[in-house]
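Content type compact mmCIF, C-alpha atoms, from the file input_12.txt:
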```txt
# COMPACT_ATOMS: atom_id res chain seq x y z
CA MET K 401 74.95 80.45 122.16
CA ASN K 402 71.64 82.31 121.99
CA TYR K 403 69.82 81.13 118.87
CA SER K 404 66.84 83.41 119.44
CA SER K 405 68.70 86.55 118.41
CA LEU K 406 71.35 87.65 115.96
CA ASN K 407 72.86 89.83 118.72
CA LEU K 408 73.75 92.66 116.36
CA LYS K 409 72.45 95.41 118.62
CA ASN K 410 74.97 98.27 118.98
CA LYS K 411 77.46 96.52 116.67
CA ASN K 412 79.27 98.89 114.30
CA ILE K 413 78.54 97.99 110.68
CA LEU K 414 80.43 99.67 107.82
CA ILE K 415 78.81 99.30 104.40
CA THR K 416 80.27 100.51 101.10
CA GLY K 417 77.79 101.50 98.42
CA GLY K 418 75.10 101.76 101.09
CA SER K 419 73.05 104.26 99.08
CA GLY K 420 72.44 101.92 96.13
CA PHE K 421 69.62 99.48 95.41
CA LEU K 422 71.05 96.48 97.29
CA GLY K 423 73.09 98.60 99.70
CA SER K 424 70.03 100.46 100.99
CA GLN K 425 68.31 97.12 101.69
CA ILE K 426 71.34 95.98 103.69
CA VAL K 427 71.39 99.26 105.63
CA GLU K 428 67.74 98.95 106.62
CA ALA K 429 68.23 95.31 107.65
CA PHE K 430 70.96 96.21 110.13
CA LEU K 431 69.05 99.24 111.42
CA GLY K 432 66.18 96.85 112.08
CA GLU K 433 68.52 94.93 114.39
CA ASP K 434 69.45 98.16 116.25
CA ALA K 435 73.01 98.10 114.91
CA ASN K 436 75.08 101.27 114.39
CA VAL K 437 75.31 101.62 110.61
CA TYR K 438 77.92 103.64 108.72
CA ILE K 439 77.64 104.15 104.98
CA ILE K 440 80.50 104.90 102.59
CA ASP K 441 79.27 106.22 99.25
CA LEU K 442 79.59 109.16 96.88
CA LYS K 443 75.87 109.94 97.09
CA LYS K 444 73.94 110.37 100.31
CA PRO K 445 70.87 108.13 100.66
CA PHE K 446 67.57 109.82 99.76
CA GLN K 447 65.66 108.30 102.65
CA ASN K 448 66.02 109.61 106.17
CA ASN K 449 67.53 106.95 108.40
CA LYS K 450 69.72 106.61 111.43
CA ALA K 451 72.85 105.63 109.52
CA LYS K 452 75.91 107.88 109.54
CA PHE K 453 77.10 108.84 106.06
CA PHE K 454 80.73 109.20 104.94
CA LYS K 455 81.15 110.74 101.50
CA ALA K 456 84.25 109.06 100.09
CA ASN K 457 85.73 107.48 96.99
CA ILE K 458 86.70 103.92 97.90
CA THR K 459 89.45 103.91 95.27
CA ILE K 460 91.34 106.65 97.13
CA GLU K 461 93.28 105.28 100.10
CA LYS K 462 93.64 108.66 101.79
CA GLU K 463 89.86 109.10 102.02
CA LEU K 464 89.42 105.64 103.55
CA LYS K 465 92.14 106.33 106.12
CA LYS K 466 90.20 109.40 107.27
CA ILE K 467 87.19 107.20 107.94
CA LYS K 468 89.37 104.74 109.84
CA SER K 469 90.62 107.67 111.96
CA TYR K 470 87.02 108.46 112.91
CA PHE K 471 86.73 105.05 114.57
CA LYS K 472 90.25 105.05 115.97
CA LYS K 473 89.92 108.45 117.68
CA ARG K 474 86.73 107.33 119.36
CA LYS K 475 88.23 103.94 120.27
CA MET K 476 85.39 102.25 118.40
CA ARG K 477 85.58 98.83 116.83
CA ILE K 478 84.38 98.01 113.36
CA ASP K 479 82.48 94.79 113.93
CA VAL K 480 81.37 94.15 110.35
CA LEU K 481 82.65 95.44 107.01
CA ILE K 482 80.47 94.82 103.98
CA ASN K 483 82.16 95.36 100.62
CA ASN K 484 79.10 96.06 98.50
CA ALA K 485 80.07 98.99 96.25
CA ALA K 486 80.41 98.10 92.58
CA VAL K 487 79.59 99.34 89.11
CA ASP K 488 76.39 97.61 88.06
CA TYR K 489 75.16 96.95 84.54
CA PRO K 490 71.40 96.33 84.48
CA PRO K 491 70.11 95.39 81.02
CA GLN K 492 69.20 98.46 78.99
CA LYS K 493 67.91 98.76 75.47
CA SER K 494 70.59 100.20 73.21
CA LYS K 495 71.00 100.87 69.50
CA LYS K 496 74.76 100.63 69.68
CA ASN K 497 76.17 98.11 72.11
CA LYS K 498 79.31 99.60 73.62
CA TYR K 499 80.00 96.56 75.82
CA LYS K 500 80.96 94.12 73.08
CA LEU K 501 84.25 92.44 73.95
CA GLU K 502 85.71 93.24 70.51
CA THR K 503 85.32 96.99 71.06
CA PHE K 504 85.32 97.22 74.86
CA SER K 505 86.97 100.41 76.10
CA ASN K 506 90.24 100.08 78.04
CA LYS K 507 89.20 103.17 79.98
CA LEU K 508 85.98 101.44 81.06
CA TRP K 509 87.96 98.32 82.02
CA ASP K 510 90.22 100.42 84.27
CA LYS K 511 87.28 102.27 85.84
CA ASP K 512 85.25 99.13 86.58
CA LEU K 513 88.15 97.21 88.10
CA SER K 514 89.16 100.25 90.12
CA VAL K 515 85.75 100.83 91.71
CA SER K 516 84.53 97.27 92.06
CA LEU K 517 87.72 95.32 92.79
CA LYS K 518 90.41 97.77 93.88
CA GLY K 519 87.86 99.49 96.12
CA SER K 520 87.05 96.24 97.91
CA TYR K 521 90.76 95.45 98.23
CA LEU K 522 91.52 98.88 99.74
CA CYS K 523 88.63 98.68 102.20
CA THR K 524 89.74 95.18 103.21
CA LYS K 525 93.33 96.35 103.60
CA ILE K 526 92.57 99.47 105.66
CA PHE K 527 89.52 98.51 107.71
CA GLY K 528 90.44 94.83 107.95
CA ALA K 529 93.84 95.71 109.39
CA TYR K 530 92.11 97.89 111.99
CA MET K 531 89.63 95.10 112.82
CA SER K 532 92.46 92.58 113.21
CA LYS K 533 93.87 94.56 116.15
CA PHE K 534 90.72 93.72 118.11
CA ASN K 535 91.04 90.03 117.18
CA LYS K 536 87.43 89.75 116.09
CA GLY K 537 85.36 90.87 113.14
CA VAL K 538 83.47 89.95 110.01
CA ILE K 539 84.12 90.95 106.42
CA LEU K 540 81.35 90.13 103.98
CA ASN K 541 81.93 90.57 100.25
CA ILE K 542 79.11 90.86 97.73
CA SER K 543 79.89 88.79 94.63
CA SER K 544 77.22 87.47 92.25
CA ASP K 545 75.94 84.31 90.62
CA LEU K 546 77.98 85.69 87.71
CA GLY K 547 81.03 85.22 89.94
CA ILE K 548 80.31 81.50 89.70
CA ILE K 549 79.18 81.22 86.06
CA ALA K 550 79.54 83.31 82.94
CA PRO K 551 76.63 85.51 81.82
CA ASP K 552 74.24 83.90 79.37
CA GLN K 553 74.21 86.67 76.78
CA ARG K 554 71.14 85.18 75.08
CA ILE K 555 68.82 86.55 77.78
CA TYR K 556 69.81 90.12 76.86
CA LYS K 557 69.27 89.71 73.13
CA ASN K 558 65.97 91.57 73.02
CA GLU K 559 67.60 94.64 74.60
CA ASN K 560 70.61 94.49 72.25
CA PHE K 561 72.65 94.44 75.45
CA ILE K 562 75.77 92.53 76.46
CA LYS K 563 76.82 92.03 80.06
CA PRO K 564 80.38 93.41 80.02
CA ILE K 565 83.48 91.36 80.67
CA THR K 566 84.42 93.54 83.64
CA TYR K 567 81.37 92.43 85.61
CA SER K 568 82.45 88.78 85.40
CA VAL K 569 86.09 89.55 86.13
CA VAL K 570 85.21 91.64 89.19
CA LYS K 571 82.69 89.21 90.67
CA HIS K 572 85.07 86.25 90.21
CA GLY K 573 87.88 88.38 91.68
CA ILE K 574 85.81 89.22 94.77
CA ILE K 575 85.66 85.49 95.53
CA GLY K 576 89.46 85.24 95.30
CA LEU K 577 89.77 88.24 97.62
CA THR K 578 87.40 86.54 100.08
CA LYS K 579 89.41 83.31 100.27
CA TYR K 580 92.73 85.13 100.60
CA THR K 581 91.42 87.38 103.38
CA ALA K 582 89.87 84.49 105.31
CA SER K 583 93.16 82.63 105.23
CA TYR K 584 95.34 85.66 105.95
CA TRP K 585 93.45 86.97 108.99
CA GLY K 586 92.05 83.72 110.37
CA LYS K 587 94.62 83.86 113.17
CA ASN K 588 93.12 87.23 114.18
CA ARG K 589 89.61 85.75 114.29
CA ILE K 590 88.51 87.78 111.29
CA ARG K 591 85.97 85.79 109.31
CA CYS K 592 85.58 86.66 105.65
CA ASN K 593 82.82 85.24 103.47
CA ALA K 594 81.08 86.15 100.23
CA ILE K 595 77.56 85.82 98.96
CA ALA K 596 76.81 85.18 95.29
CA PRO K 597 73.28 86.48 94.83
CA GLY K 598 71.13 86.26 91.73
CA GLY K 599 69.29 89.20 90.24
CA ILE K 600 66.65 91.05 92.25
CA PHE K 601 63.38 91.91 90.54
CA ASN K 602 63.20 95.67 89.99
CA ASN K 603 60.66 96.16 87.21
CA GLN K 604 62.98 94.90 84.50
CA ASN K 605 61.76 94.34 80.94
CA ASP K 606 59.14 91.55 80.83
CA LYS K 607 60.87 89.61 78.07
CA PHE K 608 64.21 89.71 79.92
CA VAL K 609 62.53 88.46 83.11
CA ARG K 610 60.82 85.61 81.25
CA ASN K 611 64.10 84.58 79.64
CA LEU K 612 65.92 84.65 82.97
CA LYS K 613 63.21 82.66 84.79
CA LYS K 614 63.77 79.79 82.37
CA LEU K 615 67.32 79.43 83.72
CA ILE K 616 66.26 79.37 87.38
CA PRO K 617 64.82 76.21 89.00
CA LEU K 618 62.67 78.31 91.37
CA GLU K 619 61.35 80.08 88.24
CA ARG K 620 61.63 83.60 89.62
CA MET K 621 64.06 86.38 90.44
CA ALA K 622 64.86 87.29 94.03
CA LYS K 623 62.49 89.62 95.83
CA LYS K 624 63.59 92.90 97.36
CA ASN K 625 65.03 92.33 100.87
CA GLU K 626 65.22 88.56 100.27
CA TYR K 627 68.99 88.50 100.91
CA ASN K 628 68.78 90.34 104.22
CA GLY K 629 68.44 87.20 106.35
CA LEU K 630 71.53 85.63 104.79
CA ILE K 631 73.57 88.81 105.21
CA LEU K 632 72.54 89.21 108.85
CA PHE K 633 73.30 85.53 109.55
CA LEU K 634 76.81 85.75 108.06
CA SER K 635 77.45 88.96 110.02
CA SER K 636 76.47 87.42 113.34
CA ASP K 637 77.98 84.86 115.69
CA LEU K 638 75.39 82.35 114.44
CA SER K 639 77.86 81.75 111.59
CA SER K 640 80.90 81.70 113.89
CA TYR K 641 82.56 78.68 112.21
CA ILE K 642 82.02 79.82 108.63
CA THR K 643 84.89 81.56 106.88
CA GLY K 644 86.28 81.59 103.36
CA ALA K 645 82.89 80.40 102.10
CA VAL K 646 80.92 81.54 99.09
CA ILE K 647 77.20 81.21 99.76
CA VAL K 648 75.28 81.04 96.51
CA ALA K 649 71.71 82.37 96.70
CA ASP K 650 70.41 82.31 93.14
CA GLY K 651 67.26 80.23 93.12
CA GLY K 652 69.36 77.34 91.82
CA ARG K 653 70.54 78.98 88.62
CA THR K 654 74.17 77.88 88.95
CA ILE K 655 73.36 74.19 89.55
CA ILE K 656 72.16 73.54 86.00
```
Spell out the structure here as structure tokens.
Amino acid sequence: MNYSSLNLKNKNILITGGSGFLGSQIVEAFLGEDANVYIIDLKKPFQNNKAKFFKANITIEKELKKIKSYFKKRKMRIDVLINNAAVDYPPQKSKKNKYKLETFSNKLWDKDLSVSLKGSYLCTKIFGAYMSKFNKGVILNISSDLGIIAPDQRIYKNENFIKPITYSVVKHGIIGLTKYTASYWGKNRIRCNAIAPGGIFNNQNDKFVRNLKKLIPLERMAKKNEYNGLILFLSSDLSSYITGAVIVADGGRTII
């Protein structure tokens, strides 16, 4: 095995939610390795890059099947699928907190689970099945440190914000999806892993950042692009004997 290179050049990488904050970092990381990057999102990325964009709703199976047909007609493999799309809930100052469990909207519950969990399931089902026919591929799911632990609501107190129940349910569920997929398609040499990243610094409120740092042994949030190395490693043959794993990258938050 060549340890000097990730060998991702010309590999076909399909990324859901590739226009978002984390997704755009992942896209640029793979482009930097000369991979062929394909983005599935509802909004096209603002920046000009070499990635191909598919406008699609990942909760609608018919739209995903059209994307699969694009690869099938061209006899192209999907080498890596990254299930990144999700509804995010960054802390925001609010007079009336609509995310309290006691008054949480059933409509919001359905929407969040549909986009963040059902979407990952459908992409795994449709693109994973296609990948399995080639008997090689990688599926990487993006969970969270809050897929390992519950949110500490005290750090949001200054913003009068509550991290909603759906975020925890989805991120824990993504880990279950990862283990099931790794077991189910192991015979087809499909490796499926998840990462559980901590929060990335993005000019959040100073008081929130200070409160969060106290919970992290490294005493800081992640930097932008700091997860790229881990994602590239898990997408390459350098991690060829890793499957069904959840790699926690949270500065140590979940160990205490």
Tell me, counting only C-alpha atoms, for each residue of region 468-495 of chain K within 12 Å of region 527-530 of chain K, which pair of atoms is nearest and how far apart they are in Å to one decimal, in rows ordered by chain and increasing number, as a Markdown table.
```
| residue | atom | partner | partner_atom | distance |
| --- | --- | --- | --- | --- |
| K:Lys468 | CA | K:Phe527 | CA | 6.6 |
| K:Ser469 | CA | K:Tyr530 | CA | 9.9 |
| K:Tyr470 | CA | K:Phe527 | CA | 11.5 |
| K:Phe471 | CA | K:Tyr530 | CA | 9.3 |
| K:Lys472 | CA | K:Tyr530 | CA | 8.4 |
| K:Lys475 | CA | K:Tyr530 | CA | 11.0 |
| K:Met476 | CA | K:Tyr530 | CA | 10.3 |
| K:Arg477 | CA | K:Tyr530 | CA | 8.2 |
| K:Ile478 | CA | K:Phe527 | CA | 7.7 |
| K:Asp479 | CA | K:Gly528 | CA | 10.0 |
| K:Val480 | CA | K:Gly528 | CA | 9.4 |
| K:Leu481 | CA | K:Phe527 | CA | 7.6 |
| K:Ile482 | CA | K:Phe527 | CA | 10.5 |
| K:Asn483 | CA | K:Phe527 | CA | 10.7 |
```
Shell around region 484-493 of chain K at 8 Å using all atoms listed in the file, local window under 4 positions removed, as a PDB file with C-alpha atoms, in the frame of the given file:
```pdb
ATOM      1  CA  ILE K 415      78.810  99.300 104.400  1.00  0.00           C
ATOM      2  CA  THR K 416      80.270 100.510 101.100  1.00  0.00           C
ATOM      3  CA  GLY K 417      77.790 101.500  98.420  1.00  0.00           C
ATOM      4  CA  GLY K 418      75.100 101.760 101.090  1.00  0.00           C
ATOM      5  CA  GLY K 423      73.090  98.600  99.700  1.00  0.00           C
ATOM      6  CA  ASP K 441      79.270 106.220  99.250  1.00  0.00           C
ATOM      7  CA  ASP K 512      85.250  99.130  86.580  1.00  0.00           C
ATOM      8  CA  VAL K 515      85.750 100.830  91.710  1.00  0.00           C
ATOM      9  CA  SER K 516      84.530  97.270  92.060  1.00  0.00           C
ATOM     10  CA  LEU K 517      87.720  95.320  92.790  1.00  0.00           C
ATOM     11  CA  GLY K 519      87.860  99.490  96.120  1.00  0.00           C
ATOM     12  CA  SER K 520      87.050  96.240  97.910  1.00  0.00           C
ATOM     13  CA  ASN K 541      81.930  90.570 100.250  1.00  0.00           C
ATOM     14  CA  ILE K 542      79.110  90.860  97.730  1.00  0.00           C
ATOM     15  CA  TYR K 556      69.810  90.120  76.860  1.00  0.00           C
ATOM     16  CA  ASN K 558      65.970  91.570  73.020  1.00  0.00           C
ATOM     17  CA  GLU K 559      67.600  94.640  74.600  1.00  0.00           C
ATOM     18  CA  ASN K 560      70.610  94.490  72.250  1.00  0.00           C
ATOM     19  CA  PHE K 561      72.650  94.440  75.450  1.00  0.00           C
ATOM     20  CA  ILE K 562      75.770  92.530  76.460  1.00  0.00           C
ATOM     21  CA  LYS K 563      76.820  92.030  80.060  1.00  0.00           C
ATOM     22  CA  PRO K 564      80.380  93.410  80.020  1.00  0.00           C
ATOM     23  CA  TYR K 567      81.370  92.430  85.610  1.00  0.00           C
ATOM     24  CA  GLN K 604      62.980  94.900  84.500  1.00  0.00           C
TER      25      GLN K 604
END
```
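Between CA of Thr524 (chain K) and CA of Ile642 (chain K) the interatomic distance comes to 18.0 Å.
Atom pair CA of Asn588 (chain K) / CA of Val538 (chain K): separated by 10.9 Å.
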Practice prompt. Compare K:Ser636, K:Gln425, K:Gln553, K:Ser543 by their minimum atom-to-atom distance to Val570 (chain K), counting only C-alpha atoms, and give me the closest one.
Written response: K:Ser543
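With all atoms listed in the file as the atoms that count, the residue of K:Ser635, K:Asn611, K:Gln447, K:Ser494 with the shortest distance to Lys409 (chain K) is K:Ser635.
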Practice prompt. Determine, counting all atoms listed in the file, every residue of protein, DNA or RNA that lies within 12 Å of (71.7, 86.9, 113.1) in the file coordinates, then give the result as a ChimeraX atom specification.
Written response: /K:401-409,411,429-430,432-435,628-640
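Minimum distance to Lys518 (chain K) across K:Asn457, K:Thr503, K:Asn603, K:Asn535 (counting all atoms listed in the file) occurs at K:Asn457.
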Worksheet entry | Selected residue, from K:Tyr438, K:Tyr641, K:Tyr521, K:Phe608, that lies nearest to Arg589 (chain K) when counting only C-alpha atoms | K:Tyr641
Discussion item. What's the separation between CA of Phe534 (chain K) and CA of Ile590 (chain K), in Å to one decimal place?
Written reply: 9.3 Å
Fill in: Within 8 Å of Lys624 (chain K) using only C-alpha atoms, minus same-chain residues under 4 positions, as a PyMOL selection string
chain K and resi 425+600-602
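Remark: residues at most 7 Å from position (80.1, 82.8, 105.9) in file coordinates are Cys592, Asn593, Ala594, Leu634, Ser639, Ile642, Thr643, Gly644, Ala645, Val646 and Ile647 of chain K, using all atoms listed in the file.
Taking all atoms listed in the file into account, Lys462 (chain K) lies nearest to K:Ile526 out of the set K:Thr566, K:Glu626, K:Ile526, K:Glu502.
If all atoms listed in the file are the atoms counted, then among K:Ala582, K:Leu612, K:Ile575, K:Met531 the closest residue to Asp552 (chain K) is K:Leu612.
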Rebuild N, CA and C atoms on region 422-448 of chain K, as an mmCIF file, keeping the file's coordinate frame?
```
data_model
loop_
_atom_site.group_PDB
_atom_site.id
_atom_site.type_symbol
_atom_site.label_atom_id
_atom_site.label_comp_id
_atom_site.auth_asym_id
_atom_site.auth_seq_id
_atom_site.Cartn_x
_atom_site.Cartn_y
_atom_site.Cartn_z
ATOM 1 N N LEU K 422 70.822 97.544 96.310
ATOM 2 C CA LEU K 422 71.050 96.480 97.290
ATOM 3 C C LEU K 422 71.580 97.052 98.592
ATOM 4 N N GLY K 423 72.490 98.012 98.501
ATOM 5 C CA GLY K 423 73.090 98.600 99.700
ATOM 6 C C GLY K 423 72.070 99.177 100.657
ATOM 7 N N SER K 424 71.053 99.860 100.124
ATOM 8 C CA SER K 424 70.030 100.460 100.990
ATOM 9 C C SER K 424 69.204 99.384 101.692
ATOM 10 N N GLN K 425 69.024 98.239 101.042
ATOM 11 C CA GLN K 425 68.310 97.120 101.690
ATOM 12 C C GLN K 425 69.128 96.585 102.857
ATOM 13 N N ILE K 426 70.453 96.478 102.637
ATOM 14 C CA ILE K 426 71.340 95.980 103.690
ATOM 15 C C ILE K 426 71.349 96.949 104.877
ATOM 16 N N VAL K 427 71.403 98.237 104.577
ATOM 17 C CA VAL K 427 71.390 99.260 105.630
ATOM 18 C C VAL K 427 70.146 99.121 106.500
ATOM 19 N N GLU K 428 68.989 99.041 105.870
ATOM 20 C CA GLU K 428 67.740 98.950 106.620
ATOM 21 C C GLU K 428 67.660 97.660 107.448
ATOM 22 N N ALA K 429 68.233 96.583 106.910
ATOM 23 C CA ALA K 429 68.230 95.310 107.650
ATOM 24 C C ALA K 429 68.992 95.428 108.959
ATOM 25 N N PHE K 430 70.163 96.059 108.910
ATOM 26 C CA PHE K 430 70.960 96.210 110.130
ATOM 27 C C PHE K 430 70.328 97.219 111.092
ATOM 28 N N LEU K 431 69.745 98.281 110.556
ATOM 29 C CA LEU K 431 69.050 99.240 111.420
ATOM 30 C C LEU K 431 67.890 98.559 112.145
ATOM 31 N N GLY K 432 67.269 97.611 111.465
ATOM 32 C CA GLY K 432 66.180 96.850 112.080
ATOM 33 C C GLY K 432 66.636 95.986 113.232
ATOM 34 N N GLU K 433 67.945 95.706 113.280
ATOM 35 C CA GLU K 433 68.520 94.930 114.390
ATOM 36 C C GLU K 433 69.176 95.843 115.428
ATOM 37 N N ASP K 434 68.912 97.157 115.310
ATOM 38 C CA ASP K 434 69.450 98.160 116.250
ATOM 39 C C ASP K 434 70.976 98.223 116.235
ATOM 40 N N ALA K 435 71.558 97.946 115.057
ATOM 41 C CA ALA K 435 73.010 98.100 114.910
ATOM 42 C C ALA K 435 73.332 99.562 114.591
ATOM 43 N N ASN K 436 74.594 99.943 114.790
ATOM 44 C CA ASN K 436 75.080 101.270 114.390
ATOM 45 C C ASN K 436 75.621 101.146 112.972
ATOM 46 N N VAL K 437 74.974 101.807 112.024
ATOM 47 C CA VAL K 437 75.310 101.620 110.610
ATOM 48 C C VAL K 437 76.035 102.849 110.069
ATOM 49 N N TYR K 438 77.109 102.587 109.340
ATOM 50 C CA TYR K 438 77.920 103.640 108.720
ATOM 51 C C TYR K 438 78.025 103.337 107.226
ATOM 52 N N ILE K 439 77.661 104.322 106.429
ATOM 53 C CA ILE K 439 77.640 104.150 104.980
ATOM 54 C C ILE K 439 78.812 104.901 104.348
ATOM 55 N N ILE K 440 79.507 104.228 103.430
ATOM 56 C CA ILE K 440 80.500 104.900 102.590
ATOM 57 C C ILE K 440 79.950 104.915 101.169
ATOM 58 N N ASP K 441 79.786 106.105 100.611
ATOM 59 C CA ASP K 441 79.270 106.220 99.250
ATOM 60 C C ASP K 441 79.596 107.622 98.742
ATOM 61 N N LEU K 442 79.397 107.828 97.456
ATOM 62 C CA LEU K 442 79.590 109.160 96.880
ATOM 63 C C LEU K 442 78.300 109.971 96.949
ATOM 64 N N LYS K 443 77.162 109.265 97.014
ATOM 65 C CA LYS K 443 75.870 109.940 97.090
ATOM 66 C C LYS K 443 75.185 109.578 98.403
ATOM 67 N N LYS K 444 74.649 110.604 99.045
ATOM 68 C CA LYS K 444 73.940 110.370 100.310
ATOM 69 C C LYS K 444 72.596 109.706 100.016
ATOM 70 N N PRO K 445 72.164 108.774 100.884
ATOM 71 C CA PRO K 445 70.870 108.130 100.660
ATOM 72 C C PRO K 445 69.735 109.145 100.662
ATOM 73 N N PHE K 446 68.714 108.908 99.832
ATOM 74 C CA PHE K 446 67.570 109.820 99.760
ATOM 75 C C PHE K 446 66.707 109.716 101.019
ATOM 76 N N GLN K 447 66.540 108.496 101.498
ATOM 77 C CA GLN K 447 65.660 108.300 102.650
ATOM 78 C C GLN K 447 66.322 108.775 103.930
ATOM 79 N N ASN K 448 65.501 109.228 104.856
ATOM 80 C CA ASN K 448 66.020 109.610 106.170
ATOM 81 C C ASN K 448 66.165 108.356 107.013
#
```
